file data_7.txt (compact mmCIF, C-alpha atoms and all ligand atoms)
# COMPACT_ATOMS: atom_id res chain seq x y z
CA MET V 1 84.24 178.81 158.11
CA GLU V 2 87.18 178.99 160.45
CA THR V 3 86.51 177.66 163.90
CA HIS V 4 86.41 179.87 166.96
CA THR V 5 85.67 179.51 170.66
CA PRO V 6 81.92 180.09 171.01
CA THR V 7 80.55 182.43 173.64
CA ARG V 8 77.54 181.77 175.86
CA ALA V 9 75.61 184.53 174.05
CA GLU V 10 76.29 182.83 170.73
CA ALA V 11 75.23 179.44 172.08
CA TYR V 12 71.99 180.89 173.44
CA GLN V 13 71.24 182.61 170.12
CA LEU V 14 71.82 179.35 168.28
CA LEU V 15 69.52 177.55 170.72
CA LEU V 16 66.73 180.04 170.07
CA ALA V 17 67.31 179.88 166.32
CA HIS V 18 66.49 176.17 166.36
CA ASN V 19 64.12 175.85 169.34
CA SER V 20 60.84 177.49 170.30
CA ASN V 21 59.35 174.81 172.55
CA ASP V 22 59.35 176.14 176.09
CA SER V 23 59.99 172.83 177.82
CA LEU V 24 62.88 171.99 175.47
CA ILE V 25 64.45 175.40 176.11
CA LYS V 26 64.03 174.87 179.86
CA HIS V 27 65.64 171.44 179.49
CA ALA V 28 68.61 173.04 177.71
CA LEU V 29 68.93 175.65 180.48
CA SER V 30 68.72 172.92 183.13
CA VAL V 31 71.49 170.89 181.53
CA GLU V 32 73.56 174.06 181.10
CA ALA V 33 73.20 174.92 184.80
CA VAL V 34 74.18 171.42 185.96
CA MET V 35 77.14 171.27 183.56
CA ARG V 36 78.33 174.65 184.82
CA TYR V 37 78.04 173.43 188.43
CA MET V 38 79.86 170.18 187.66
CA GLY V 39 82.59 171.89 185.63
CA ARG V 40 83.27 174.17 188.58
CA LYS V 41 83.23 171.23 191.00
CA PHE V 42 85.82 169.35 188.91
CA GLY V 43 87.97 172.50 188.59
CA GLU V 44 87.45 172.69 184.84
CA ASP V 45 86.21 175.49 182.58
CA ALA V 46 82.61 175.92 183.71
CA ASP V 47 81.76 178.22 180.81
CA THR V 48 82.70 175.63 178.17
CA TRP V 49 80.82 172.94 180.07
CA GLY V 50 77.74 175.15 180.28
CA ILE V 51 77.82 176.10 176.60
CA ILE V 52 77.98 172.47 175.52
CA GLY V 53 75.11 171.66 177.87
CA LEU V 54 73.03 174.47 176.42
CA VAL V 55 73.25 173.20 172.82
CA HIS V 56 73.38 169.44 173.45
CA ASP V 57 69.86 168.87 172.03
CA LEU V 58 70.07 171.61 169.40
CA ASP V 59 68.56 169.55 166.56
CA TYR V 60 65.90 167.69 168.55
CA GLU V 61 62.92 170.00 168.05
CA GLU V 62 63.31 170.37 164.27
CA PHE V 63 64.70 166.90 163.52
CA PRO V 64 63.67 164.41 166.20
CA GLU V 65 64.33 161.53 163.79
CA LEU V 66 67.81 162.85 163.07
CA HIS V 67 68.75 163.69 166.67
CA CYS V 68 72.55 163.90 167.08
CA LYS V 69 72.90 163.92 163.28
CA LYS V 70 71.86 167.49 162.45
CA SER V 71 73.51 169.26 165.40
CA PRO V 72 77.03 168.64 164.01
CA GLU V 73 75.96 170.31 160.73
CA PHE V 74 74.53 173.34 162.54
CA LEU V 75 77.57 173.68 164.77
CA ARG V 76 80.08 173.24 161.94
CA GLU V 77 78.28 175.88 159.88
CA ALA V 78 78.53 178.19 162.88
CA GLY V 79 82.28 177.55 163.13
CA TRP V 80 82.31 175.58 166.36
CA PRO V 81 85.39 173.46 167.15
CA GLU V 82 85.22 169.68 166.64
CA GLU V 83 85.77 168.97 170.35
CA TYR V 84 82.51 170.78 171.15
CA ILE V 85 80.72 168.84 168.41
CA ARG V 86 82.07 165.52 169.66
CA ALA V 87 80.89 166.29 173.18
CA VAL V 88 77.40 167.22 171.97
CA VAL V 89 77.04 164.03 169.93
CA SER V 90 78.40 161.78 172.68
CA HIS V 91 75.39 162.50 174.93
CA GLY V 92 73.39 160.22 172.64
CA TRP V 93 75.79 157.30 172.91
CA GLY V 94 73.98 154.01 172.27
CA ILE V 95 70.75 155.93 171.55
CA CYS V 96 71.31 158.20 168.57
CA SER V 97 75.09 158.11 168.17
CA ASP V 98 77.97 155.68 168.50
CA VAL V 99 80.33 158.27 169.94
CA GLU V 100 81.35 157.07 173.39
CA PRO V 101 81.70 159.68 176.14
CA LEU V 102 85.43 159.75 176.96
CA SER V 103 86.34 163.04 178.60
CA ARG V 104 85.06 164.02 182.04
CA LEU V 105 82.89 166.66 180.38
CA GLU V 106 81.35 164.09 178.03
CA LYS V 107 80.74 161.53 180.77
CA THR V 108 79.11 164.19 182.93
CA LEU V 109 76.80 165.32 180.13
CA TYR V 110 75.83 161.72 179.45
CA ALA V 111 75.11 161.10 183.14
CA ILE V 112 73.11 164.23 183.96
CA ASP V 113 71.02 164.77 180.80
CA GLU V 114 68.24 162.33 181.71
CA LEU V 115 68.71 162.95 185.42
CA THR V 116 67.58 166.59 185.04
CA GLY V 117 64.24 165.22 183.77
CA LEU V 118 63.82 163.02 186.81
CA VAL V 119 64.71 165.85 189.19
CA LYS V 120 62.19 168.10 187.44
CA ALA V 121 59.43 165.49 187.66
CA ALA V 122 60.16 164.86 191.35
CA ALA V 123 60.24 168.62 192.09
CA LEU V 124 56.83 169.10 190.48
CA MET V 125 55.40 166.40 192.78
CA ARG V 126 56.37 168.42 195.84
CA PRO V 127 53.98 170.89 197.52
CA SER V 128 56.54 173.65 196.86
CA ARG V 129 56.96 172.65 193.16
CA SER V 130 60.54 173.76 193.64
CA VAL V 131 64.09 172.42 193.53
CA LEU V 132 65.16 174.98 196.13
CA ASP V 133 64.03 172.90 199.14
CA MET V 134 64.48 169.48 197.59
CA GLU V 135 66.98 166.76 198.49
CA ALA V 136 68.31 163.69 196.67
CA SER V 137 66.04 161.43 198.75
CA SER V 138 62.96 162.73 196.87
CA VAL V 139 64.47 161.47 193.62
CA LYS V 140 65.78 158.21 195.11
CA LYS V 141 62.28 157.34 196.35
CA LYS V 142 61.03 157.43 192.77
CA TRP V 143 63.96 155.54 191.28
CA LYS V 144 62.38 152.11 191.10
CA ASP V 145 58.88 153.38 190.32
CA LYS V 146 58.95 152.75 186.59
CA LYS V 147 55.63 154.50 186.04
CA PHE V 148 56.96 157.72 187.50
CA ALA V 149 58.58 159.85 184.77
CA ALA V 150 58.47 156.74 182.61
CA GLY V 151 60.38 158.43 179.77
CA VAL V 152 63.48 158.87 181.92
CA ASN V 153 65.96 156.08 181.31
CA ARG V 154 67.39 155.20 184.73
CA GLU V 155 69.87 152.76 183.19
CA VAL V 156 71.55 155.52 181.19
CA ILE V 157 71.94 157.58 184.38
CA GLU V 158 73.40 154.61 186.28
CA LYS V 159 75.75 153.85 183.40
CA GLY V 160 76.81 157.51 183.34
CA ALA V 161 77.51 157.58 187.08
CA ALA V 162 79.60 154.43 186.70
CA LEU V 163 81.54 155.89 183.75
CA LEU V 164 82.20 158.98 185.79
CA GLY V 165 83.10 156.96 188.88
CA VAL V 166 80.73 158.88 191.13
CA ASP V 167 78.16 157.73 193.63
CA LEU V 168 74.60 157.96 192.29
CA THR V 169 73.22 159.78 195.34
CA GLU V 170 76.01 162.35 195.11
CA LEU V 171 75.29 162.82 191.41
CA ILE V 172 71.61 163.41 192.17
CA SER V 173 72.53 165.98 194.87
CA ASP V 174 74.88 167.75 192.48
CA THR V 175 72.22 167.82 189.77
CA ILE V 176 69.76 169.39 192.22
CA MET V 177 72.41 171.95 193.27
CA GLY V 178 73.07 172.86 189.65
CA MET V 179 69.37 173.19 188.85
CA ARG V 180 68.88 175.41 191.91
CA GLU V 181 71.20 177.96 190.32
CA ALA V 182 68.77 178.31 187.40
CA ALA V 183 65.59 177.59 189.38
CA ARG V 184 63.72 180.67 188.16
CA GLU V 185 64.71 180.28 184.49
CA ILE V 186 63.68 176.64 184.43
CA GLY V 187 60.39 177.24 186.25
CA LEU V 188 61.30 175.29 189.38
CA ALA V 189 61.55 178.03 191.98
CA GLY V 190 58.04 177.38 193.32
CA ALA V 191 56.31 180.28 195.05
CA ALA V 192 59.50 182.33 194.83
CA GLN V 193 59.03 182.66 191.06
FE FE Z 201 69.37 164.29 173.45
FE FE Z 202 68.82 166.34 176.65
call {"tool": "encode", "arguments": {"input": "data_7.txt", "output": "structure tokens"}}
result
Amino acid sequence: METHTPTRAEAYQLLLAHNSNDSLIKHALSVEAVMRYMGRKFGEDADTWGIIGLVHDLDYEEFPELHCKKSPEFLREAGWPEEYIRAVVSHGWGICSDVEPLSRLEKTLYAIDELTGLVKAAALMRPSRSVLDMEASSVKKKWKDKKFAAGVNREVIEKGAALLGVDLTELISDTIMGMREAAREIGLAGAAQ
């Protein structure tokens, strides 16, 4: 198939074709929202950033053992350009792929993927159960508590922030800001839902 520039609607359809798990879909929407926010902040194409965020874990639900291996097949079959595929695969650098994040988009995806999980866990600890009234300090307080959100790899986030050349606290604030824009869709709008 010839490649084409994918639309957001197409990306969302593809996501739903391969994912039915509610928390995985919410994770995809969270990463999309943060990528969109960051793309805008860096003055780049927020739509492209968001689309890549939305499909970054495309293969995970169906092929957890082949994570980062099946997504390129799905995306190639759907006619997605190689630069999108490279970006998707690079989020698993050192974990499920050997593709190093090089572009600003790729470094951002690598840095914020796990961080969205930590922000979510910290938001759910709050009385409001919301990201709308939450600040970076809530996440920072839990940073060294290894038992809290134990599945979230803090080292990957720190490595990502360093790759990107941004301050960790600022990255956490930006991730919260991005997630606020999708608070309802990702189930983190608290009582306002
Ligand atoms: Fe992943
Ligand atoms: Fe992810």
call {"tool": "residues_near_ligand", "arguments": {"input": "data_7.txt", "ligand": "ligand FE 202 (chain Z)", "cutoff": "8 Å", "atoms": "all atoms listed in the file", "output": "number ranges by chain"}}
result
V: 27-28, 31, 56-57, 91, 113-114
call {"tool": "residues_near_ligand", "arguments": {"input": "data_7.txt", "ligand": "ligand FE 201 (chain Z)", "cutoff": "12 Å", "atoms": "only C-alpha atoms and all ligand atoms", "output": "VMD selection string"}}
result
chain V and resid 24 27 to 28 31 53 to 61 63 to 71 87 to 97 109 to 114 116 to 117 152 to 153 156
call {"tool": "write_last_selection", "arguments": {"input": "data_7.txt", "atoms": "C-alpha atoms", "output": "JSON list (two decimals), in the frame of the given file"}}
result
[["chain", "number", "residue", "atom", "x", "y", "z"],
["V", 24, "LEU", "CA", 62.88, 171.99, 175.47],
["V", 27, "HIS", "CA", 65.64, 171.44, 179.49],
["V", 28, "ALA", "CA", 68.61, 173.04, 177.71],
["V", 31, "VAL", "CA", 71.49, 170.89, 181.53],
["V", 53, "GLY", "CA", 75.11, 171.66, 177.87],
["V", 54, "LEU", "CA", 73.03, 174.47, 176.42],
["V", 55, "VAL", "CA", 73.25, 173.20, 172.82],
["V", 56, "HIS", "CA", 73.38, 169.44, 173.45],
["V", 57, "ASP", "CA", 69.86, 168.87, 172.03],
["V", 58, "LEU", "CA", 70.07, 171.61, 169.40],
["V", 59, "ASP", "CA", 68.56, 169.55, 166.56],
["V", 60, "TYR", "CA", 65.90, 167.69, 168.55],
["V", 61, "GLU", "CA", 62.92, 170.00, 168.05],
["V", 63, "PHE", "CA", 64.70, 166.90, 163.52],
["V", 64, "PRO", "CA", 63.67, 164.41, 166.20],
["V", 65, "GLU", "CA", 64.33, 161.53, 163.79],
["V", 66, "LEU", "CA", 67.81, 162.85, 163.07],
["V", 67, "HIS", "CA", 68.75, 163.69, 166.67],
["V", 68, "CYS", "CA", 72.55, 163.90, 167.08],
["V", 69, "LYS", "CA", 72.90, 163.92, 163.28],
["V", 70, "LYS", "CA", 71.86, 167.49, 162.45],
["V", 71, "SER", "CA", 73.51, 169.26, 165.40],
["V", 87, "ALA", "CA", 80.89, 166.29, 173.18],
["V", 88, "VAL", "CA", 77.40, 167.22, 171.97],
["V", 89, "VAL", "CA", 77.04, 164.03, 169.93],
["V", 90, "SER", "CA", 78.40, 161.78, 172.68],
["V", 91, "HIS", "CA", 75.39, 162.50, 174.93],
["V", 92, "GLY", "CA", 73.39, 160.22, 172.64],
["V", 93, "TRP", "CA", 75.79, 157.30, 172.91],
["V", 94, "GLY", "CA", 73.98, 154.01, 172.27],
["V", 95, "ILE", "CA", 70.75, 155.93, 171.55],
["V", 96, "CYS", "CA", 71.31, 158.20, 168.57],
["V", 97, "SER", "CA", 75.09, 158.11, 168.17],
["V", 109, "LEU", "CA", 76.80, 165.32, 180.13],
["V", 110, "TYR", "CA", 75.83, 161.72, 179.45],
["V", 111, "ALA", "CA", 75.11, 161.10, 183.14],
["V", 112, "ILE", "CA", 73.11, 164.23, 183.96],
["V", 113, "ASP", "CA", 71.02, 164.77, 180.80],
["V", 114, "GLU", "CA", 68.24, 162.33, 181.71],
["V", 116, "THR", "CA", 67.58, 166.59, 185.04],
["V", 117, "GLY", "CA", 64.24, 165.22, 183.77],
["V", 152, "VAL", "CA", 63.48, 158.87, 181.92],
["V", 153, "ASN", "CA", 65.96, 156.08, 181.31],
["V", 156, "VAL", "CA", 71.55, 155.52, 181.19]]
call {"tool": "closest_atom_pairs", "arguments": {"input": "data_7.txt", "of": "region 25-55 of chain V", "to": "region 161-175 of chain V", "cutoff": "10 Å", "atoms": "only C-alpha atoms", "output": "CSV"}}
result
residue,atom,partner,partner_atom,distance
V:Ser30,CA,V:Thr175,CA,9.1
V:Val31,CA,V:Thr175,CA,8.8
V:Ala33,CA,V:Thr175,CA,8.7
V:Val34,CA,V:Thr175,CA,5.6
V:Met35,CA,V:Thr175,CA,8.6
V:Tyr37,CA,V:Asp174,CA,7.7
V:Met38,CA,V:Asp174,CA,7.3
V:Lys41,CA,V:Asp174,CA,9.2
call {"tool": "closest_residue", "arguments": {"input": "data_7.txt", "among": "V:Arg76, V:Glu32, V:Ser103, V:Ala121", "to": "Met179 (chain V)", "atoms": "all atoms listed in the file"}}
result
V:Glu32
call {"tool": "atom_distance", "arguments": {"input": "data_7.txt", "atom1": "CA of Pro101 (chain V)", "atom2": "CA of Gly39 (chain V)"}}
result
15.5 Å
call {"tool": "atom_distance", "arguments": {"input": "data_7.txt", "atom1": "CA of Glu2 (chain V)", "atom2": "CA of Gly79 (chain V)"}}
result
5.8 Å
call {"tool": "atom_distance", "arguments": {"input": "data_7.txt", "atom1": "CA of Ile85 (chain V)", "atom2": "CA of Pro72 (chain V)"}}
result
5.7 Å
call {"tool": "closest_residue", "arguments": {"input": "data_7.txt", "among": "V:Ile157, V:Met125, V:Ala11, V:Leu102", "to": "Trp80 (chain V)", "atoms": "only C-alpha atoms"}}
result
V:Ala11
call {"tool": "closest_residue", "arguments": {"input": "data_7.txt", "among": "V:Tyr84, V:Ala123, V:Ile52, V:Lys141", "to": "Gly187 (chain V)", "atoms": "only C-alpha atoms"}}
result
V:Ala123
call {"tool": "decode", "arguments": {"input": "data_7.txt", "residues": "region 160-175 of chain V", "atoms": "all heavy atoms", "output": "mmCIF file, in the first residue's frame"}}
result
data_model
loop_
_atom_site.group_PDB
_atom_site.id
_atom_site.type_symbol
_atom_site.label_atom_id
_atom_site.label_comp_id
_atom_site.auth_asym_id
_atom_site.auth_seq_id
_atom_site.Cartn_x
_atom_site.Cartn_y
_atom_site.Cartn_z
ATOM 1 N N GLY V 160 14.590 10.084 29.947
ATOM 2 C CA GLY V 160 13.868 10.829 28.917
ATOM 3 C C GLY V 160 13.995 12.331 29.098
ATOM 4 O O GLY V 160 14.233 13.062 28.136
ATOM 5 N N ALA V 161 13.855 12.784 30.340
ATOM 6 C CA ALA V 161 13.976 14.226 30.615
ATOM 7 C C ALA V 161 15.383 14.709 30.255
ATOM 8 O O ALA V 161 15.551 15.785 29.675
ATOM 9 C CB ALA V 161 13.661 14.507 32.082
ATOM 10 N N ALA V 162 16.371 13.874 30.574
ATOM 11 C CA ALA V 162 17.762 14.233 30.254
ATOM 12 C C ALA V 162 17.983 14.271 28.742
ATOM 13 O O ALA V 162 18.614 15.203 28.221
ATOM 14 C CB ALA V 162 18.724 13.240 30.911
ATOM 15 N N LEU V 163 17.444 13.289 28.032
ATOM 16 C CA LEU V 163 17.556 13.272 26.561
ATOM 17 C C LEU V 163 16.962 14.543 25.961
ATOM 18 O O LEU V 163 17.511 15.127 25.036
ATOM 19 C CB LEU V 163 16.752 12.108 25.980
ATOM 20 C CG LEU V 163 17.333 10.698 25.915
ATOM 21 C CD1 LEU V 163 16.307 9.754 25.295
ATOM 22 C CD2 LEU V 163 18.621 10.674 25.109
ATOM 23 N N LEU V 164 15.838 14.919 26.532
ATOM 24 C CA LEU V 164 15.091 16.066 26.030
ATOM 25 C C LEU V 164 15.712 17.386 26.491
ATOM 26 O O LEU V 164 15.469 18.435 25.910
ATOM 27 C CB LEU V 164 13.658 15.937 26.562
ATOM 28 C CG LEU V 164 12.484 16.539 25.838
ATOM 29 C CD1 LEU V 164 12.493 16.222 24.340
ATOM 30 C CD2 LEU V 164 11.182 16.035 26.463
ATOM 31 N N GLY V 165 16.524 17.300 27.547
ATOM 32 C CA GLY V 165 17.151 18.508 28.079
ATOM 33 C C GLY V 165 16.174 19.386 28.830
ATOM 34 O O GLY V 165 16.284 20.608 28.812
ATOM 35 N N VAL V 166 15.175 18.751 29.465
ATOM 36 C CA VAL V 166 14.224 19.543 30.255
ATOM 37 C C VAL V 166 14.304 19.152 31.724
ATOM 38 O O VAL V 166 14.713 18.047 32.069
ATOM 39 C CB VAL V 166 12.760 19.384 29.759
ATOM 40 C CG1 VAL V 166 12.614 19.860 28.324
ATOM 41 C CG2 VAL V 166 12.274 17.950 29.912
ATOM 42 N N ASP V 167 13.900 20.087 32.557
ATOM 43 C CA ASP V 167 13.873 19.878 33.991
ATOM 44 C C ASP V 167 12.724 18.923 34.327
ATOM 45 O O ASP V 167 11.625 19.033 33.772
ATOM 46 C CB ASP V 167 13.666 21.254 34.638
ATOM 47 C CG ASP V 167 13.396 21.147 36.112
ATOM 48 O OD1 ASP V 167 14.321 20.766 36.841
ATOM 49 O OD2 ASP V 167 12.247 21.427 36.524
ATOM 50 N N LEU V 168 12.991 17.983 35.229
ATOM 51 C CA LEU V 168 11.999 16.957 35.558
ATOM 52 C C LEU V 168 10.687 17.552 36.090
ATOM 53 O O LEU V 168 9.602 17.135 35.693
ATOM 54 C CB LEU V 168 12.597 15.964 36.564
ATOM 55 C CG LEU V 168 11.719 14.769 36.918
ATOM 56 C CD1 LEU V 168 11.390 13.909 35.713
ATOM 57 C CD2 LEU V 168 12.414 13.921 37.985
ATOM 58 N N THR V 169 10.811 18.534 36.986
ATOM 59 C CA THR V 169 9.605 19.137 37.561
ATOM 60 C C THR V 169 8.761 19.812 36.476
ATOM 61 O O THR V 169 7.538 19.718 36.468
ATOM 62 C CB THR V 169 9.982 20.154 38.662
ATOM 63 O OG1 THR V 169 10.825 19.483 39.593
ATOM 64 C CG2 THR V 169 8.749 20.679 39.382
ATOM 65 N N GLU V 170 9.443 20.457 35.538
ATOM 66 C CA GLU V 170 8.728 21.110 34.437
ATOM 67 C C GLU V 170 8.035 20.059 33.562
ATOM 68 O O GLU V 170 6.896 20.238 33.120
ATOM 69 C CB GLU V 170 9.719 21.927 33.605
ATOM 70 C CG GLU V 170 9.011 22.854 32.630
ATOM 71 C CD GLU V 170 9.991 23.594 31.704
ATOM 72 O OE1 GLU V 170 11.180 23.701 32.039
ATOM 73 O OE2 GLU V 170 9.535 24.040 30.636
ATOM 74 N N LEU V 171 8.719 18.932 33.352
ATOM 75 C CA LEU V 171 8.131 17.867 32.539
ATOM 76 C C LEU V 171 6.885 17.291 33.221
ATOM 77 O O LEU V 171 5.886 17.005 32.565
ATOM 78 C CB LEU V 171 9.165 16.757 32.287
ATOM 79 C CG LEU V 171 8.721 15.681 31.301
ATOM 80 C CD1 LEU V 171 8.581 16.234 29.885
ATOM 81 C CD2 LEU V 171 9.713 14.516 31.291
ATOM 82 N N ILE V 172 6.959 17.168 34.544
ATOM 83 C CA ILE V 172 5.797 16.665 35.292
ATOM 84 C C ILE V 172 4.638 17.659 35.163
ATOM 85 O O ILE V 172 3.500 17.276 34.892
ATOM 86 C CB ILE V 172 6.157 16.420 36.781
ATOM 87 C CG1 ILE V 172 7.210 15.312 36.902
ATOM 88 C CG2 ILE V 172 4.907 16.064 37.585
ATOM 89 C CD1 ILE V 172 7.834 15.178 38.298
ATOM 90 N N SER V 173 4.930 18.949 35.329
ATOM 91 C CA SER V 173 3.882 19.984 35.197
ATOM 92 C C SER V 173 3.251 19.945 33.814
ATOM 93 O O SER V 173 2.031 20.023 33.671
ATOM 94 C CB SER V 173 4.461 21.381 35.398
ATOM 95 O OG SER V 173 4.873 21.534 36.715
ATOM 96 N N ASP V 174 4.096 19.827 32.793
ATOM 97 C CA ASP V 174 3.580 19.782 31.421
ATOM 98 C C ASP V 174 2.714 18.545 31.195
ATOM 99 O O ASP V 174 1.704 18.604 30.489
ATOM 100 C CB ASP V 174 4.741 19.782 30.413
ATOM 101 C CG ASP V 174 5.391 21.151 30.276
ATOM 102 O OD1 ASP V 174 4.741 22.156 30.626
ATOM 103 O OD2 ASP V 174 6.553 21.214 29.818
ATOM 104 N N THR V 175 3.115 17.436 31.780
ATOM 105 C CA THR V 175 2.348 16.195 31.622
ATOM 106 C C THR V 175 0.975 16.349 32.279
ATOM 107 O O THR V 175 -0.044 15.942 31.719
ATOM 108 C CB THR V 175 3.142 15.007 32.207
ATOM 109 O OG1 THR V 175 4.365 14.896 31.469
ATOM 110 C CG2 THR V 175 2.381 13.695 32.098
#
